[in-house]
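What's in protein00.csv: CSV, C-alpha atoms
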```
chain,number,residue,atom,x,y,z
A,1,MET,CA,-31.4,-7.8,-188.1
A,2,ALA,CA,-30.7,-9.3,-184.7
A,3,ARG,CA,-33.5,-9.1,-182.3
A,4,ASP,CA,-33.0,-7.4,-179.0
A,5,LYS,CA,-33.0,-10.2,-176.5
A,6,GLY,CA,-34.2,-8.0,-173.7
A,7,ARG,CA,-37.2,-6.7,-175.6
A,8,ASP,CA,-40.6,-8.3,-176.1
A,9,ASN,CA,-39.5,-11.3,-174.1
A,10,PRO,CA,-42.3,-12.4,-171.9
A,11,GLY,CA,-40.0,-14.7,-169.9
A,12,ARG,CA,-37.7,-11.9,-168.9
A,13,SER,CA,-38.3,-10.7,-165.3
A,14,ARG,CA,-38.5,-7.0,-164.6
A,15,LYS,CA,-37.8,-5.5,-161.3
A,16,PRO,CA,-40.7,-3.4,-160.0
A,17,LYS,CA,-40.1,0.3,-160.0
A,18,VAL,CA,-39.2,1.6,-156.6
A,19,LEU,CA,-40.6,4.9,-155.5
A,20,ARG,CA,-37.9,7.1,-153.9
A,21,ARG,CA,-38.6,10.2,-151.9
A,22,GLU,CA,-36.1,12.7,-150.6
A,23,VAL,CA,-36.8,14.5,-147.3
A,24,PHE,CA,-34.6,17.4,-146.2
A,25,VAL,CA,-34.7,18.4,-142.5
A,26,PHE,CA,-33.6,21.5,-140.6
A,27,THR,CA,-33.4,21.0,-136.8
A,28,GLU,CA,-33.0,23.4,-134.0
A,29,GLY,CA,-31.1,20.9,-131.9
A,30,GLU,CA,-27.6,20.0,-132.9
A,31,VAL,CA,-27.5,16.5,-131.2
A,32,THR,CA,-30.9,15.1,-130.1
A,33,GLU,CA,-33.1,15.7,-133.2
A,34,PRO,CA,-30.4,14.4,-135.7
A,35,GLU,CA,-29.8,11.3,-133.5
A,36,PHE,CA,-33.6,10.7,-133.2
A,37,ILE,CA,-33.9,10.9,-137.0
A,38,THR,CA,-31.1,8.4,-137.4
A,39,PHE,CA,-32.7,6.0,-135.0
A,40,VAL,CA,-36.1,6.2,-136.7
A,41,THR,CA,-34.8,5.8,-140.3
A,42,GLU,CA,-32.6,2.9,-139.3
A,43,ASN,CA,-35.1,1.1,-137.0
A,44,GLY,CA,-38.6,2.2,-138.0
A,45,THR,CA,-41.2,0.0,-139.6
A,46,ARG,CA,-42.1,1.6,-142.9
A,47,ALA,CA,-45.7,2.1,-143.9
A,48,GLU,CA,-44.9,0.4,-147.2
A,49,PRO,CA,-41.6,-1.5,-147.4
A,50,GLY,CA,-41.4,-1.1,-151.2
A,51,ARG,CA,-41.0,2.6,-150.9
A,52,GLU,CA,-37.5,4.1,-150.6
A,53,LEU,CA,-36.9,7.2,-148.5
A,54,VAL,CA,-33.7,9.2,-148.2
A,55,CYS,CA,-33.6,11.7,-145.3
A,56,THR,CA,-30.9,14.3,-144.9
A,57,VAL,CA,-30.4,16.7,-142.0
A,58,GLU,CA,-29.4,19.8,-143.9
A,59,ASN,CA,-28.1,22.1,-141.1
A,60,ARG,CA,-25.8,19.8,-139.1
A,61,SER,CA,-23.0,22.3,-139.1
A,62,ALA,CA,-25.0,25.5,-138.7
A,63,PRO,CA,-24.1,27.9,-135.9
A,64,THR,CA,-26.5,28.4,-133.0
A,65,LYS,CA,-27.8,31.7,-134.2
A,66,ARG,CA,-28.9,30.1,-137.5
A,67,ARG,CA,-30.8,27.4,-135.6
A,68,LYS,CA,-33.4,29.7,-134.0
A,69,PRO,CA,-36.8,29.1,-135.5
A,70,LEU,CA,-37.1,32.1,-137.9
A,71,PRO,CA,-33.5,31.9,-139.4
A,72,LEU,CA,-34.0,28.1,-139.6
A,73,VAL,CA,-37.2,28.5,-141.6
A,74,GLU,CA,-35.6,31.1,-143.9
A,75,GLU,CA,-32.8,28.7,-144.7
A,76,ALA,CA,-35.3,25.9,-145.3
A,77,ILE,CA,-37.2,28.1,-147.7
A,78,ASP,CA,-34.1,28.6,-149.8
A,79,LYS,CA,-33.6,24.8,-149.9
A,80,TRP,CA,-37.3,24.3,-150.9
A,81,VAL,CA,-37.0,26.6,-153.8
A,82,GLU,CA,-34.1,24.5,-155.1
A,83,VAL,CA,-35.8,21.2,-154.3
A,84,GLU,CA,-39.1,22.1,-155.8
A,85,ARG,CA,-37.5,23.3,-159.0
A,86,ALA,CA,-35.7,19.9,-159.4
A,87,ALA,CA,-38.9,18.0,-158.7
A,88,LYS,CA,-40.8,19.8,-161.3
A,89,LYS,CA,-38.0,19.3,-163.8
A,90,ALA,CA,-38.2,15.5,-163.0
A,91,LYS,CA,-42.0,15.7,-163.9
A,92,LEU,CA,-43.1,14.9,-160.3
A,93,LYS,CA,-46.4,16.2,-159.0
A,94,PRO,CA,-47.3,17.4,-155.5
A,95,THR,CA,-49.8,14.5,-155.3
A,96,ASP,CA,-47.1,11.9,-155.9
A,97,TRP,CA,-45.8,10.0,-152.9
A,98,ASN,CA,-42.2,10.7,-154.0
A,99,TRP,CA,-42.8,14.4,-154.2
A,100,PRO,CA,-39.9,15.8,-151.9
A,101,GLN,CA,-40.4,17.4,-148.6
A,102,VAL,CA,-38.6,20.0,-146.5
A,103,TRP,CA,-39.2,19.8,-142.7
A,104,CYS,CA,-38.4,22.2,-139.9
A,105,LEU,CA,-38.2,20.8,-136.3
A,106,PHE,CA,-38.1,23.6,-133.7
A,107,ASP,CA,-39.3,24.3,-130.2
A,108,ARG,CA,-40.9,27.1,-128.3
A,109,ASP,CA,-38.1,27.5,-125.7
A,110,GLU,CA,-37.9,31.2,-125.1
A,111,HIS,CA,-38.0,32.3,-128.7
A,112,LYS,CA,-40.1,35.4,-129.5
A,113,ASP,CA,-40.6,34.8,-133.3
A,114,ILE,CA,-42.5,31.5,-133.2
A,115,PRO,CA,-45.7,32.9,-134.9
A,116,THR,CA,-43.7,34.6,-137.6
A,117,ALA,CA,-41.7,31.4,-138.2
A,118,PHE,CA,-45.0,29.4,-138.6
A,119,SER,CA,-46.4,32.0,-140.9
A,120,ARG,CA,-43.3,32.0,-143.2
A,121,ALA,CA,-43.2,28.2,-143.2
A,122,LYS,CA,-46.9,27.9,-144.1
A,123,GLN,CA,-46.6,30.5,-146.9
A,124,ALA,CA,-43.6,28.6,-148.4
A,125,LYS,CA,-45.4,25.2,-148.0
A,126,LEU,CA,-42.8,23.8,-145.6
A,127,HIS,CA,-43.6,21.2,-143.1
A,128,VAL,CA,-43.2,22.0,-139.4
A,129,ALA,CA,-42.9,19.7,-136.3
A,130,TYR,CA,-43.2,21.8,-133.2
A,131,SER,CA,-42.7,21.1,-129.5
A,132,HIS,CA,-43.7,23.3,-126.6
A,133,PRO,CA,-41.7,23.8,-124.5
A,134,CYS,CA,-39.1,21.6,-126.2
A,135,PHE,CA,-38.3,18.3,-128.0
A,136,GLU,CA,-37.7,16.7,-124.6
A,137,LEU,CA,-41.5,16.6,-124.1
A,138,TRP,CA,-41.8,14.3,-127.1
A,139,ARG,CA,-39.1,12.0,-125.6
A,140,LEU,CA,-40.8,12.1,-122.2
A,141,LEU,CA,-44.1,10.9,-123.7
A,142,HIS,CA,-42.3,7.7,-124.6
A,143,TYR,CA,-42.3,7.0,-120.8
A,144,LYS,CA,-45.4,8.6,-119.4
A,145,ASN,CA,-48.3,10.9,-120.1
A,146,HIS,CA,-47.9,14.6,-119.2
A,147,THR,CA,-50.7,17.1,-119.7
A,148,SER,CA,-49.9,19.9,-117.3
A,149,SER,CA,-48.1,23.1,-118.3
A,150,PHE,CA,-44.3,23.5,-118.0
A,151,GLY,CA,-44.7,27.2,-117.9
A,152,GLY,CA,-42.6,27.4,-121.1
A,153,VAL,CA,-39.5,26.2,-119.2
A,154,CYS,CA,-37.7,23.5,-121.1
A,155,GLU,CA,-35.6,22.4,-118.1
A,156,SER,CA,-38.7,21.4,-116.3
A,157,ALA,CA,-39.4,18.8,-119.1
A,158,ALA,CA,-35.8,17.8,-119.4
A,159,GLY,CA,-35.4,17.3,-115.6
A,160,ILE,CA,-38.3,14.9,-115.5
A,161,LEU,CA,-36.9,13.1,-118.6
A,162,ARG,CA,-33.5,12.6,-117.1
A,163,GLN,CA,-35.1,10.6,-114.2
A,164,GLN,CA,-36.6,8.0,-116.5
A,165,SER,CA,-35.1,4.5,-117.2
A,166,GLY,CA,-32.6,4.4,-120.0
A,167,PHE,CA,-30.8,7.5,-118.6
A,168,PRO,CA,-27.6,6.5,-116.7
A,169,GLN,CA,-27.6,7.4,-113.0
A,170,THR,CA,-24.6,8.2,-110.8
A,171,TYR,CA,-24.9,6.4,-107.4
A,172,GLY,CA,-23.2,7.7,-104.3
A,173,PRO,CA,-24.5,9.2,-101.1
A,174,THR,CA,-27.3,10.5,-103.3
A,175,ILE,CA,-28.6,9.5,-106.7
A,176,GLN,CA,-27.7,12.2,-109.3
A,177,SER,CA,-29.3,12.3,-112.7
A,178,VAL,CA,-27.3,12.2,-115.9
A,179,SER,CA,-25.8,15.5,-117.0
A,180,LYS,CA,-27.7,17.8,-119.4
A,181,GLU,CA,-25.2,17.1,-122.1
A,182,GLN,CA,-25.3,13.4,-121.7
A,183,ALA,CA,-29.1,13.5,-121.7
A,184,LYS,CA,-29.1,15.0,-125.2
A,185,ARG,CA,-27.9,11.7,-126.7
A,186,VAL,CA,-30.6,9.4,-127.9
A,187,MET,CA,-30.2,5.8,-127.0
A,188,PRO,CA,-32.3,3.0,-128.6
A,189,GLY,CA,-33.6,1.8,-125.2
A,190,GLN,CA,-35.2,5.2,-124.6
A,191,LEU,CA,-37.4,4.8,-127.7
A,192,ARG,CA,-37.7,1.2,-129.0
A,193,GLY,CA,-41.2,-0.2,-128.6
A,194,LYS,CA,-42.6,3.0,-127.2
A,195,TYR,CA,-43.8,4.9,-130.2
A,196,GLU,CA,-47.5,4.0,-130.1
A,197,LYS,CA,-47.8,5.2,-126.5
A,198,ALA,CA,-45.9,8.4,-127.3
A,199,ARG,CA,-48.1,9.1,-130.3
A,200,GLN,CA,-51.3,8.4,-128.4
A,201,TYR,CA,-50.3,10.8,-125.6
A,202,ALA,CA,-49.1,13.5,-128.1
A,203,LYS,CA,-52.3,13.4,-130.1
A,204,ALA,CA,-54.4,13.7,-127.0
A,205,LEU,CA,-52.7,17.1,-126.3
A,206,SER,CA,-53.6,18.5,-129.8
A,207,PRO,CA,-57.4,19.4,-129.5
A,208,GLU,CA,-56.9,21.7,-126.5
A,209,TYR,CA,-53.9,23.6,-127.8
A,210,THR,CA,-54.5,24.5,-131.4
A,211,GLY,CA,-55.4,28.1,-131.1
A,212,PRO,CA,-53.7,30.8,-133.3
A,213,ASP,CA,-50.9,31.6,-130.9
A,214,GLN,CA,-48.3,28.8,-130.9
A,215,ASN,CA,-46.6,30.4,-127.9
A,216,ARG,CA,-49.6,29.2,-125.7
A,217,TRP,CA,-49.5,25.5,-126.9
A,218,ASP,CA,-48.2,24.3,-123.6
A,219,PRO,CA,-47.6,21.3,-123.5
A,220,PHE,CA,-47.7,20.4,-127.2
A,221,THR,CA,-45.8,18.3,-129.7
A,222,ASP,CA,-46.6,16.9,-133.1
A,223,VAL,CA,-43.3,15.1,-133.8
A,224,TRP,CA,-45.4,12.0,-134.6
A,225,ARG,CA,-46.5,13.8,-137.8
A,226,PHE,CA,-42.9,14.1,-138.9
A,227,VAL,CA,-42.4,10.4,-138.1
A,228,GLU,CA,-45.4,9.3,-140.2
A,229,ASP,CA,-45.9,11.9,-142.9
A,230,GLY,CA,-42.2,12.8,-143.3
A,231,LEU,CA,-40.3,9.5,-142.6
A,232,ASP,CA,-43.1,7.2,-143.7
A,233,VAL,CA,-42.7,5.2,-140.5
A,234,VAL,CA,-45.6,3.7,-138.5
A,235,ASP,CA,-43.7,2.2,-135.6
A,236,TYR,CA,-40.2,1.7,-134.1
```
Now that the file is in, can you turn its structure into structure tokens?
Amino acid sequence: MARDKGRDNPGRSRKPKVLRREVFVFTEGEVTEPEFITFVTENGTRAEPGRELVCTVENRSAPTKRRKPLPLVEEAIDKWVEVERAAKKAKLKPTDWNWPQVWCLFDRDEHKDIPTAFSRAKQAKLHVAYSHPCFELWRLLHYKNHTSSFGGVCESAAGILRQQSGFPQTYGPTIQSVSKEQAKRVMPGQLRGKYEKARQYAKALSPEYTGPDQNRWDPFTDVWRFVEDGLDVVDY
């Protein structure tokens, strides 16, 4: 009987098994958050290069009303039921690095159902990255520290952000900031090389604003947890 040449051959090299994790994300924003995710996954420094991660933004085409925190979480729960079932079928365990994750990225803005959204996400074992008043605070922390309240007004954070370098300015009799729509676009120069500073500033906000009412966490953002725990990135 002919011997299998690929078996029991000590000289035959074998490729190391690559761990692969799938991450599914539901974002409140239609433009900024997906573009941020794309930048991080394409440019980020992975915690361990030998690990493979595939991140999918699940609700890219969702209408505005389905992007509010509570409907977003409910849709994410449906996805998690499907994903968890598949993971268990594949014999994965929650303690495995390649156990899949479902993340929800949403803001305080003027939403009234934030505590309920958090409660439902926690009950379903979803991951949440939350910003108060909005995701623009996380972007702003790449430029400067900010610890004072925005009064829950996102435009206050967005207005300061648009004045930073990397946002095109219109010069004439007066200097006018880039438009709100233009400012939603994420450019590499706005982020590259600034993660450690943003993370440091964001983590410093956490101890003072972790009471039970998320509506009062002003300012607050823990997007850095999504970067590190979700996307397995330590720098970009």
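Taking CA of Val31 in chain A and CA of Trp217 in chain A as the two end points, the separation is 24.2 Å.
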request  = Would you mind reading off the distance between CA of Leu161 in chain A and CA of Ser149 in chain A, one decimal, in Å?
outcome  = 15.0 Å
request  = Please provide as a PyMOL selection string all residues within 10 Å of range 126-130 of chain A, with the sequence filter that same-chain residues fewer than 2 positions apart are discarded (counting only C-alpha atoms).
outcome  = chain A and resi 25-27+69+73+76-77+80+101-108+114+117-118+120-124+132-135+138+214+217+220-227+229-230
Closest atom pairs, range 43-100 of chain A residues within 12 Å of range 182-197 of chain A, all atoms listed in the file, as JSON lines:
```
{"residue": "A:Asn43", "atom": "CA", "partner": "A:Arg192", "partner_atom": "CA", "distance": 8.4}
{"residue": "A:Gly44", "atom": "CA", "partner": "A:Arg192", "partner_atom": "CA", "distance": 9.1}
{"residue": "A:Thr45", "atom": "CA", "partner": "A:Tyr195", "partner_atom": "CA", "distance": 10.9}
```
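The space separating CA of Glu84 in chain A from CA of Pro71 in chain A comes to 19.9 Å.
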request  = Name the closest residue to Leu141 in chain A among the candidates A:Ala202, A:Ile160, A:Val83, A:Leu231; distances are taken between atoms, counting only C-alpha atoms.
outcome  = A:Ala202
message = Using all atoms listed in the file, can you tell me which of A:Val233, A:Glu28, A:Lys112, A:Phe150 comes closest to Ser61 in chain A?
response = A:Glu28
Expected residue set, 12 Å radius at (-44.8, 1.2, -147.6), all atoms listed in the file, as an NGL selection string = :A and (18-21 or 44-53 or 97-98 or 228-229 or 231-234)
Could the residues in this selection be written to a file with C-alpha atoms, as a PDB file, keeping the file's coordinate frame?
```pdb
ATOM      1  CA  VAL A  18     -39.200   1.600-156.600  1.00  0.00           C
ATOM      2  CA  LEU A  19     -40.600   4.900-155.500  1.00  0.00           C
ATOM      3  CA  ARG A  20     -37.900   7.100-153.900  1.00  0.00           C
ATOM      4  CA  ARG A  21     -38.600  10.200-151.900  1.00  0.00           C
ATOM      5  CA  GLY A  44     -38.600   2.200-138.000  1.00  0.00           C
ATOM      6  CA  THR A  45     -41.200   0.000-139.600  1.00  0.00           C
ATOM      7  CA  ARG A  46     -42.100   1.600-142.900  1.00  0.00           C
ATOM      8  CA  ALA A  47     -45.700   2.100-143.900  1.00  0.00           C
ATOM      9  CA  GLU A  48     -44.900   0.400-147.200  1.00  0.00           C
ATOM     10  CA  PRO A  49     -41.600  -1.500-147.400  1.00  0.00           C
ATOM     11  CA  GLY A  50     -41.400  -1.100-151.200  1.00  0.00           C
ATOM     12  CA  ARG A  51     -41.000   2.600-150.900  1.00  0.00           C
ATOM     13  CA  GLU A  52     -37.500   4.100-150.600  1.00  0.00           C
ATOM     14  CA  LEU A  53     -36.900   7.200-148.500  1.00  0.00           C
ATOM     15  CA  TRP A  97     -45.800  10.000-152.900  1.00  0.00           C
ATOM     16  CA  ASN A  98     -42.200  10.700-154.000  1.00  0.00           C
ATOM     17  CA  GLU A 228     -45.400   9.300-140.200  1.00  0.00           C
ATOM     18  CA  ASP A 229     -45.900  11.900-142.900  1.00  0.00           C
ATOM     19  CA  LEU A 231     -40.300   9.500-142.600  1.00  0.00           C
ATOM     20  CA  ASP A 232     -43.100   7.200-143.700  1.00  0.00           C
ATOM     21  CA  VAL A 233     -42.700   5.200-140.500  1.00  0.00           C
ATOM     22  CA  VAL A 234     -45.600   3.700-138.500  1.00  0.00           C
TER      23      VAL A 234
END
```
